[in-house]
Amino acid sequence: MVHEWALAESIATYLSEKHGGRAFNKIVIGVGILQSIDLDILDFALRELLNQYNVKVAKIEYRTIEVELKCRACGYSWKLLPEELGAEASEMIHFIPEAIHSFIKCPRCGSRDYEVLKGRGIYIEEISYDEE
Amino acid sequence: MMRNEDPRDNTIPIRLKEISVILPAVSYKGGVGKTTISSLLALSLADSGASVGLLDLDFTNPSTHLVLGLDLNVAMPREDKGILPVEVEGIKLMTLAFFTKNNPTPLRGKELNEAFKEILSITIWGKLDFLVIDMPPGLSDITLNVLRFMKEKLYPLVISSSSKLSIHPTINLIRMFSEIGILPIALILNEGAGSPKLYSEILDAYQKENIGKIFRIERDDRIENAYGNPDLLRKTTVYAALKQLSRDLLATFGKKS
Ligand SMILES: [Zn+2]
């Protein structure tokens, strides 16, 4: 799943363009488990790309985030484990997390109108650097 | 220290960097033939030798793959440091349908926005002379995102049905674009079951506006049977009209890749 590379590239170009030239003490990356991202591949790609863009980061931390869903139709909230998704759904959601609405329904009322409260994709949770 | 940044905002312009011209097919309402026109414009541009992408942003009802006859059971984008569009008839196609298959996929504004950013930040288009976009109708989150991320390269193709009720909202749509400095490249009047008198009345109204070229597409009953079959699509009046538009576009912008 080389898709991790594109996600890593987003983070690397973001750090290089938006905060160019800095040395970072630490970045924390939130990784929602819905997208079944391979952390080893993501980490490998990110270090490779940070090197390429000449961005120095002393420490990279990953925080995995559980998937929480809330039905907009009946109000039911539930947690979803990636293992509960079939192989096809899992692959499609890996590419585009919103594809979840085509494969999963609310377990209580059957609606596809629910919100992914937590655990959707990856984002930068924290960036720290010394103020000049 | 900064928190909760979305790095995709930064990646989207990088992914679009090698695209010369972006042509979104827009209309104020659905059912005016946007999907057919955007698919056939991409086809005629590709037939003319341009490198062309087709992006289906009508997320709740993606159907450009149906027009071009692409089987979702077979077609799936490949991964290579991102995802590569699927080639069909020389067009690089990207659609949410690859991932939702034929399942119903109701998405609200928040989800439409997420799906937009995800697709745009991971699709590797490479060099393109033209990216044609099948847009959802009217002004949605998607339209606003297209304006936000693609404004510099944007040349909308405005599509109007042949109803008097189309005139005012279509003119408003055109004015809204021109207010922010975007001039439509062309207006297409998609003729239905009306009379020549009605068409000229509608055309008169549009000719008073500051629009690029105006094209008429005559009603063609062959189109229903041609869906899914590119060879039959090439024999329709829609294709013929869009071939003319393609020549104009190539003359205006040239081929860069
Ligand atoms: Zn429910």
# chains A, B, ... in the order shown; residues from 1 in each chain; ligands from 1
>>> residues_around(residues="segment 47-50 of chain A", least_positions_apart="6", cutoff="9 Å", atoms="only C-alpha atoms", output="MDAnalysis selection string")
chainID A and resid 5 8:9 11:13 15:16 56:57
>>> interface_residues(of="chain A", to="chain B", cutoff="10 Å", atoms="only C-alpha atoms", output="MDAnalysis selection string")
chainID A and resid 1:15 17:18 24 26:30 45 88:89 91:104 111:116 120:131
>>> residues_near_ligand(ligand="ligand 1", cutoff="10 Å", atoms="only C-alpha atoms and all ligand atoms", output="JSON, numbers by chain")
{"A": [70, 71, 72, 73, 74, 75, 76, 77, 78, 105, 106, 107, 108, 109, 110, 111, 112, 113, 114]}
>>> write_last_selection(atoms="N, CA and C atoms", output="mmCIF file, in the first residue's frame")
data_model
loop_
_atom_site.group_PDB
_atom_site.id
_atom_site.type_symbol
_atom_site.label_atom_id
_atom_site.label_comp_id
_atom_site.auth_asym_id
_atom_site.auth_seq_id
_atom_site.Cartn_x
_atom_site.Cartn_y
_atom_site.Cartn_z
ATOM 1 N N LYS A 70 -21.061 8.355 14.909
ATOM 2 C CA LYS A 70 -22.333 8.745 15.534
ATOM 3 C C LYS A 70 -23.384 8.919 14.446
ATOM 4 N N CYS A 71 -24.486 8.203 14.615
ATOM 5 C CA CYS A 71 -25.561 8.243 13.624
ATOM 6 C C CYS A 71 -26.302 9.585 13.706
ATOM 7 N N ARG A 72 -26.473 10.215 12.565
ATOM 8 C CA ARG A 72 -27.204 11.488 12.547
ATOM 9 C C ARG A 72 -28.707 11.249 12.540
ATOM 10 N N ALA A 73 -29.102 10.048 12.170
ATOM 11 C CA ALA A 73 -30.540 9.760 12.100
ATOM 12 C C ALA A 73 -31.100 9.398 13.462
ATOM 13 N N CYS A 74 -30.414 8.485 14.217
ATOM 14 C CA CYS A 74 -30.988 8.020 15.475
ATOM 15 C C CYS A 74 -30.147 8.382 16.694
ATOM 16 N N GLY A 75 -28.970 8.966 16.474
ATOM 17 C CA GLY A 75 -28.161 9.409 17.603
ATOM 18 C C GLY A 75 -27.253 8.348 18.201
ATOM 19 N N TYR A 76 -27.330 7.133 17.712
ATOM 20 C CA TYR A 76 -26.513 6.042 18.252
ATOM 21 C C TYR A 76 -25.019 6.299 18.007
ATOM 22 N N SER A 77 -24.195 6.042 19.023
ATOM 23 C CA SER A 77 -22.740 6.165 18.868
ATOM 24 C C SER A 77 -22.119 4.789 18.985
ATOM 25 N N TRP A 78 -21.136 4.526 18.165
ATOM 26 C CA TRP A 78 -20.476 3.225 18.279
ATOM 27 C C TRP A 78 -19.014 3.302 17.832
ATOM 28 N N LYS A 105 -23.391 0.617 7.621
ATOM 29 C CA LYS A 105 -24.627 1.302 8.019
ATOM 30 C C LYS A 105 -24.712 1.366 9.542
ATOM 31 N N CYS A 106 -25.539 2.264 10.056
ATOM 32 C CA CYS A 106 -25.737 2.347 11.502
ATOM 33 C C CYS A 106 -26.275 1.003 12.000
ATOM 34 N N PRO A 107 -25.609 0.407 13.014
ATOM 35 C CA PRO A 107 -26.058 -0.903 13.492
ATOM 36 C C PRO A 107 -27.431 -0.854 14.163
ATOM 37 N N ARG A 108 -27.857 0.335 14.588
ATOM 38 C CA ARG A 108 -29.151 0.395 15.250
ATOM 39 C C ARG A 108 -30.300 0.652 14.279
ATOM 40 N N CYS A 109 -30.135 1.632 13.359
ATOM 41 C CA CYS A 109 -31.277 1.993 12.507
ATOM 42 C C CYS A 109 -31.050 1.755 11.019
ATOM 43 N N GLY A 110 -29.817 1.383 10.629
ATOM 44 C CA GLY A 110 -29.566 1.078 9.219
ATOM 45 C C GLY A 110 -29.243 2.286 8.346
ATOM 46 N N SER A 111 -29.158 3.481 8.952
ATOM 47 C CA SER A 111 -28.885 4.688 8.162
ATOM 48 C C SER A 111 -27.408 4.760 7.748
ATOM 49 N N ARG A 112 -27.180 5.354 6.574
ATOM 50 C CA ARG A 112 -25.797 5.629 6.148
ATOM 51 C C ARG A 112 -25.405 7.063 6.483
ATOM 52 N N ASP A 113 -26.327 7.784 7.128
ATOM 53 C CA ASP A 113 -26.065 9.183 7.478
ATOM 54 C C ASP A 113 -25.511 9.251 8.897
ATOM 55 N N TYR A 114 -24.219 9.053 9.004
ATOM 56 C CA TYR A 114 -23.573 9.125 10.313
ATOM 57 C C TYR A 114 -22.276 9.912 10.167
#
>>> select_by_dssp(residues="segment 16-242 of chain B", states="helix (DSSP H, G or I)", output="PyMOL selection string")
chain B and resi 34-47+64-68+97-100+109-122+141-153+164-179+196-207+223-226+230-233+237-242
>>> residues_around(residues="Ile22 of chain B", least_positions_apart="5", cutoff="6 Å", atoms="only C-alpha atoms", output="ChimeraX atom specification")
/B:130-131,153-154
>>> residues_around(residues="Trp125 of chain B", least_positions_apart="4", cutoff="9 Å", atoms="only C-alpha atoms", output="ChimeraX atom specification")
/B:15-16,18-19,53,83-85,92
>>> residues_around(residues="Glu89 of chain B", least_positions_apart="6", cutoff="12 Å", atoms="only C-alpha atoms", output="ChimeraX atom specification")
/B:39-40,42-49,51-54,65,67-70,228-231,233-234
>>> residues_around(residues="Ser200 of chain B", least_positions_apart="4", cutoff="12 Å", atoms="only C-alpha atoms", output="list in words")
Ser162, Ser163, Lys164, Leu189, Glu191, Gly194, Ser195, Pro196, Asp204, Ala205, Tyr206, Gln207, Ile214 and Arg216 of chain B
>>> atom_distance(atom1="atom CA of Val132 of chain B", atom2="atom CA of Leu187 of chain B")
14.9 Å
>>> closest_residue(among="A:Lys79, A:Ser90, A:Gly21, A:Gln52", to="Gln35 of chain A", atoms="only C-alpha atoms")
A:Ser90
>>> atom_distance(atom1="atom CA of Leu66 of chain B", atom2="atom CA of Leu250 of chain B")
26.4 Å
>>> atom_distance(atom1="atom CA of Leu93 of chain B", atom2="atom CA of Leu128 of chain B")
12.0 Å
>>> select_by_dssp(residues="segment 21-54 of chain A", states="strand (DSSP E)", output="mmCIF file with N, CA, C and O atoms, in the first residue's frame")
data_model
loop_
_atom_site.group_PDB
_atom_site.id
_atom_site.type_symbol
_atom_site.label_atom_id
_atom_site.label_comp_id
_atom_site.auth_asym_id
_atom_site.auth_seq_id
_atom_site.Cartn_x
_atom_site.Cartn_y
_atom_site.Cartn_z
ATOM 1 N N ALA A 23 14.300 23.856 12.466
ATOM 2 C CA ALA A 23 14.556 22.513 12.983
ATOM 3 C C ALA A 23 13.481 22.254 14.035
ATOM 4 O O ALA A 23 13.216 23.096 14.887
ATOM 5 N N PHE A 24 12.826 21.120 13.933
ATOM 6 C CA PHE A 24 11.722 20.811 14.843
ATOM 7 C C PHE A 24 12.194 19.893 15.965
ATOM 8 O O PHE A 24 12.960 18.965 15.736
ATOM 9 N N ASN A 25 11.730 20.183 17.167
ATOM 10 C CA ASN A 25 12.040 19.292 18.287
ATOM 11 C C ASN A 25 11.205 18.027 18.188
ATOM 12 O O ASN A 25 11.687 16.923 18.413
ATOM 13 N N LYS A 26 9.948 18.240 17.852
ATOM 14 C CA LYS A 26 9.053 17.087 17.872
ATOM 15 C C LYS A 26 7.832 17.340 16.992
ATOM 16 O O LYS A 26 7.324 18.458 16.951
ATOM 17 N N ILE A 27 7.393 16.329 16.268
ATOM 18 C CA ILE A 27 6.057 16.401 15.680
ATOM 19 C C ILE A 27 5.262 15.179 16.140
ATOM 20 O O ILE A 27 5.807 14.095 16.304
ATOM 21 N N VAL A 28 3.985 15.436 16.389
ATOM 22 C CA VAL A 28 3.104 14.337 16.761
ATOM 23 C C VAL A 28 2.064 14.188 15.658
ATOM 24 O O VAL A 28 1.395 15.154 15.294
ATOM 25 N N ILE A 29 1.987 12.990 15.115
ATOM 26 C CA ILE A 29 1.045 12.738 14.027
ATOM 27 C C ILE A 29 -0.082 11.847 14.536
ATOM 28 O O ILE A 29 0.163 10.762 15.066
ATOM 29 N N GLY A 30 -1.290 12.354 14.410
ATOM 30 C CA GLY A 30 -2.459 11.566 14.788
ATOM 31 C C GLY A 30 -2.824 10.649 13.624
ATOM 32 O O GLY A 30 -2.925 11.106 12.496
ATOM 33 N N VAL A 31 -2.968 9.371 13.898
ATOM 34 C CA VAL A 31 -3.294 8.418 12.841
ATOM 35 C C VAL A 31 -4.582 7.690 13.204
ATOM 36 O O VAL A 31 -4.602 6.846 14.097
ATOM 37 N N GLY A 32 -5.666 8.053 12.536
ATOM 38 C CA GLY A 32 -6.933 7.350 12.735
ATOM 39 C C GLY A 32 -6.820 5.949 12.178
ATOM 40 O O GLY A 32 -6.222 5.762 11.117
#
>>> closest_residue(among="B:Ile37, B:Lys127, B:Leu55, B:Pro137", to="Lys243 of chain B", atoms="only C-alpha atoms")
B:Ile37
>>> residues_around(residues="Glu66 of chain A", least_positions_apart="6", cutoff="8 Å", atoms="only C-alpha atoms", output="number ranges by chain")
A: 32-34, 79-81, 118-119
>>> decode(residues="segment 54-67 of chain A", atoms="all heavy atoms", output="mmCIF file, in the first residue's frame")
data_model
loop_
_atom_site.group_PDB
_atom_site.id
_atom_site.type_symbol
_atom_site.label_atom_id
_atom_site.label_comp_id
_atom_site.auth_asym_id
_atom_site.auth_seq_id
_atom_site.Cartn_x
_atom_site.Cartn_y
_atom_site.Cartn_z
ATOM 1 N N ASN A 54 15.040 18.243 3.168
ATOM 2 C CA ASN A 54 15.969 18.862 4.096
ATOM 3 C C ASN A 54 15.266 19.487 5.315
ATOM 4 O O ASN A 54 15.561 20.605 5.725
ATOM 5 C CB ASN A 54 16.812 19.908 3.358
ATOM 6 C CG ASN A 54 18.126 20.167 4.061
ATOM 7 O OD1 ASN A 54 18.559 19.353 4.888
ATOM 8 N ND2 ASN A 54 18.739 21.307 3.781
ATOM 9 N N VAL A 55 14.306 18.748 5.858
ATOM 10 C CA VAL A 55 13.604 19.192 7.065
ATOM 11 C C VAL A 55 14.112 18.342 8.232
ATOM 12 O O VAL A 55 14.092 17.116 8.166
ATOM 13 C CB VAL A 55 12.072 18.990 6.924
ATOM 14 C CG1 VAL A 55 11.361 19.438 8.201
ATOM 15 C CG2 VAL A 55 11.533 19.754 5.721
ATOM 16 N N LYS A 56 14.592 19.014 9.275
ATOM 17 C CA LYS A 56 15.128 18.262 10.412
ATOM 18 C C LYS A 56 14.097 18.160 11.539
ATOM 19 O O LYS A 56 13.607 19.160 12.031
ATOM 20 C CB LYS A 56 16.400 18.951 10.927
ATOM 21 C CG LYS A 56 17.454 19.079 9.832
ATOM 22 C CD LYS A 56 18.852 18.915 10.356
ATOM 23 C CE LYS A 56 19.898 18.985 9.236
ATOM 24 N NZ LYS A 56 19.466 18.689 7.862
ATOM 25 N N VAL A 57 13.803 16.936 11.906
ATOM 26 C CA VAL A 57 12.874 16.690 13.000
ATOM 27 C C VAL A 57 13.553 15.748 13.985
ATOM 28 O O VAL A 57 13.947 14.633 13.625
ATOM 29 C CB VAL A 57 11.560 16.035 12.504
ATOM 30 C CG1 VAL A 57 10.600 15.837 13.675
ATOM 31 C CG2 VAL A 57 10.900 16.884 11.426
ATOM 32 N N ALA A 58 13.714 16.197 15.238
ATOM 33 C CA ALA A 58 14.424 15.366 16.214
ATOM 34 C C ALA A 58 13.602 14.134 16.583
ATOM 35 O O ALA A 58 14.136 13.039 16.723
ATOM 36 C CB ALA A 58 14.758 16.189 17.456
ATOM 37 N N LYS A 59 12.293 14.323 16.726
ATOM 38 C CA LYS A 59 11.494 13.201 17.205
ATOM 39 C C LYS A 59 10.127 13.169 16.516
ATOM 40 O O LYS A 59 9.442 14.184 16.453
ATOM 41 C CB LYS A 59 11.305 13.366 18.714
ATOM 42 C CG LYS A 59 10.795 12.126 19.409
ATOM 43 C CD LYS A 59 10.798 12.360 20.921
ATOM 44 C CE LYS A 59 10.216 11.152 21.625
ATOM 45 N NZ LYS A 59 9.794 11.482 22.987
ATOM 46 N N ILE A 60 9.774 12.013 15.991
ATOM 47 C CA ILE A 60 8.442 11.857 15.396
ATOM 48 C C ILE A 60 7.638 10.876 16.255
ATOM 49 O O ILE A 60 8.109 9.784 16.550
ATOM 50 C CB ILE A 60 8.518 11.302 13.960
ATOM 51 C CG1 ILE A 60 9.449 12.150 13.085
ATOM 52 C CG2 ILE A 60 7.121 11.236 13.337
ATOM 53 C CD1 ILE A 60 9.672 11.602 11.683
ATOM 54 N N GLU A 61 6.478 11.330 16.683
ATOM 55 C CA GLU A 61 5.603 10.438 17.462
ATOM 56 C C GLU A 61 4.302 10.190 16.710
ATOM 57 O O GLU A 61 3.795 11.077 16.032
ATOM 58 C CB GLU A 61 5.259 11.090 18.803
ATOM 59 C CG GLU A 61 6.265 10.781 19.898
ATOM 60 C CD GLU A 61 5.889 11.469 21.219
ATOM 61 O OE1 GLU A 61 4.684 11.750 21.441
ATOM 62 O OE2 GLU A 61 6.819 11.738 21.983
ATOM 63 N N TYR A 62 3.794 8.980 16.858
ATOM 64 C CA TYR A 62 2.506 8.655 16.239
ATOM 65 C C TYR A 62 1.513 8.334 17.340
ATOM 66 O O TYR A 62 1.848 7.669 18.312
ATOM 67 C CB TYR A 62 2.644 7.453 15.302
ATOM 68 C CG TYR A 62 3.610 7.719 14.169
ATOM 69 C CD1 TYR A 62 4.966 7.371 14.297
ATOM 70 C CD2 TYR A 62 3.193 8.342 13.004
ATOM 71 C CE1 TYR A 62 5.869 7.636 13.275
ATOM 72 C CE2 TYR A 62 4.078 8.613 11.984
ATOM 73 C CZ TYR A 62 5.424 8.261 12.128
ATOM 74 O OH TYR A 62 6.308 8.532 11.108
ATOM 75 N N ARG A 63 0.310 8.855 17.191
ATOM 76 C CA ARG A 63 -0.725 8.535 18.176
ATOM 77 C C ARG A 63 -1.901 7.925 17.414
ATOM 78 O O ARG A 63 -2.499 8.591 16.573
ATOM 79 C CB ARG A 63 -1.164 9.806 18.893
ATOM 80 C CG ARG A 63 -1.758 9.552 20.268
ATOM 81 C CD ARG A 63 -1.863 10.858 21.038
ATOM 82 N NE ARG A 63 -2.935 11.704 20.511
ATOM 83 C CZ ARG A 63 -4.216 11.577 20.840
ATOM 84 N NH1 ARG A 63 -4.587 10.651 21.704
ATOM 85 N NH2 ARG A 63 -5.127 12.380 20.320
ATOM 86 N N THR A 64 -2.166 6.664 17.672
ATOM 87 C CA THR A 64 -3.278 6.038 16.947
ATOM 88 C C THR A 64 -4.602 6.408 17.618
ATOM 89 O O THR A 64 -4.690 6.524 18.842
ATOM 90 C CB THR A 64 -3.144 4.501 16.878
ATOM 91 O OG1 THR A 64 -2.965 4.007 18.192
ATOM 92 C CG2 THR A 64 -1.966 4.094 16.026
ATOM 93 N N ILE A 65 -5.598 6.606 16.799
ATOM 94 C CA ILE A 65 -6.896 7.078 17.289
ATOM 95 C C ILE A 65 -7.995 6.106 16.864
ATOM 96 O O ILE A 65 -8.106 5.763 15.686
ATOM 97 C CB ILE A 65 -7.181 8.489 16.730
ATOM 98 C CG1 ILE A 65 -6.088 9.449 17.236
ATOM 99 C CG2 ILE A 65 -8.554 8.994 17.155
ATOM 100 C CD1 ILE A 65 -5.864 10.634 16.357
ATOM 101 N N GLU A 66 -8.753 5.659 17.839
ATOM 102 C CA GLU A 66 -9.858 4.723 17.588
ATOM 103 C C GLU A 66 -10.944 5.371 16.731
ATOM 104 O O GLU A 66 -11.073 6.594 16.700
ATOM 105 C CB GLU A 66 -10.508 4.321 18.918
ATOM 106 C CG GLU A 66 -9.700 3.370 19.752
ATOM 107 C CD GLU A 66 -10.557 2.823 20.887
ATOM 108 O OE1 GLU A 66 -11.308 3.622 21.495
ATOM 109 O OE2 GLU A 66 -10.476 1.617 21.149
ATOM 110 N N VAL A 67 -11.727 4.541 16.089
ATOM 111 C CA VAL A 67 -12.809 5.052 15.241
ATOM 112 C C VAL A 67 -14.104 5.155 16.039
ATOM 113 O O VAL A 67 -14.580 4.170 16.594
ATOM 114 C CB VAL A 67 -13.041 4.142 14.021
ATOM 115 C CG1 VAL A 67 -14.130 4.732 13.134
ATOM 116 C CG2 VAL A 67 -11.758 3.963 13.238
#
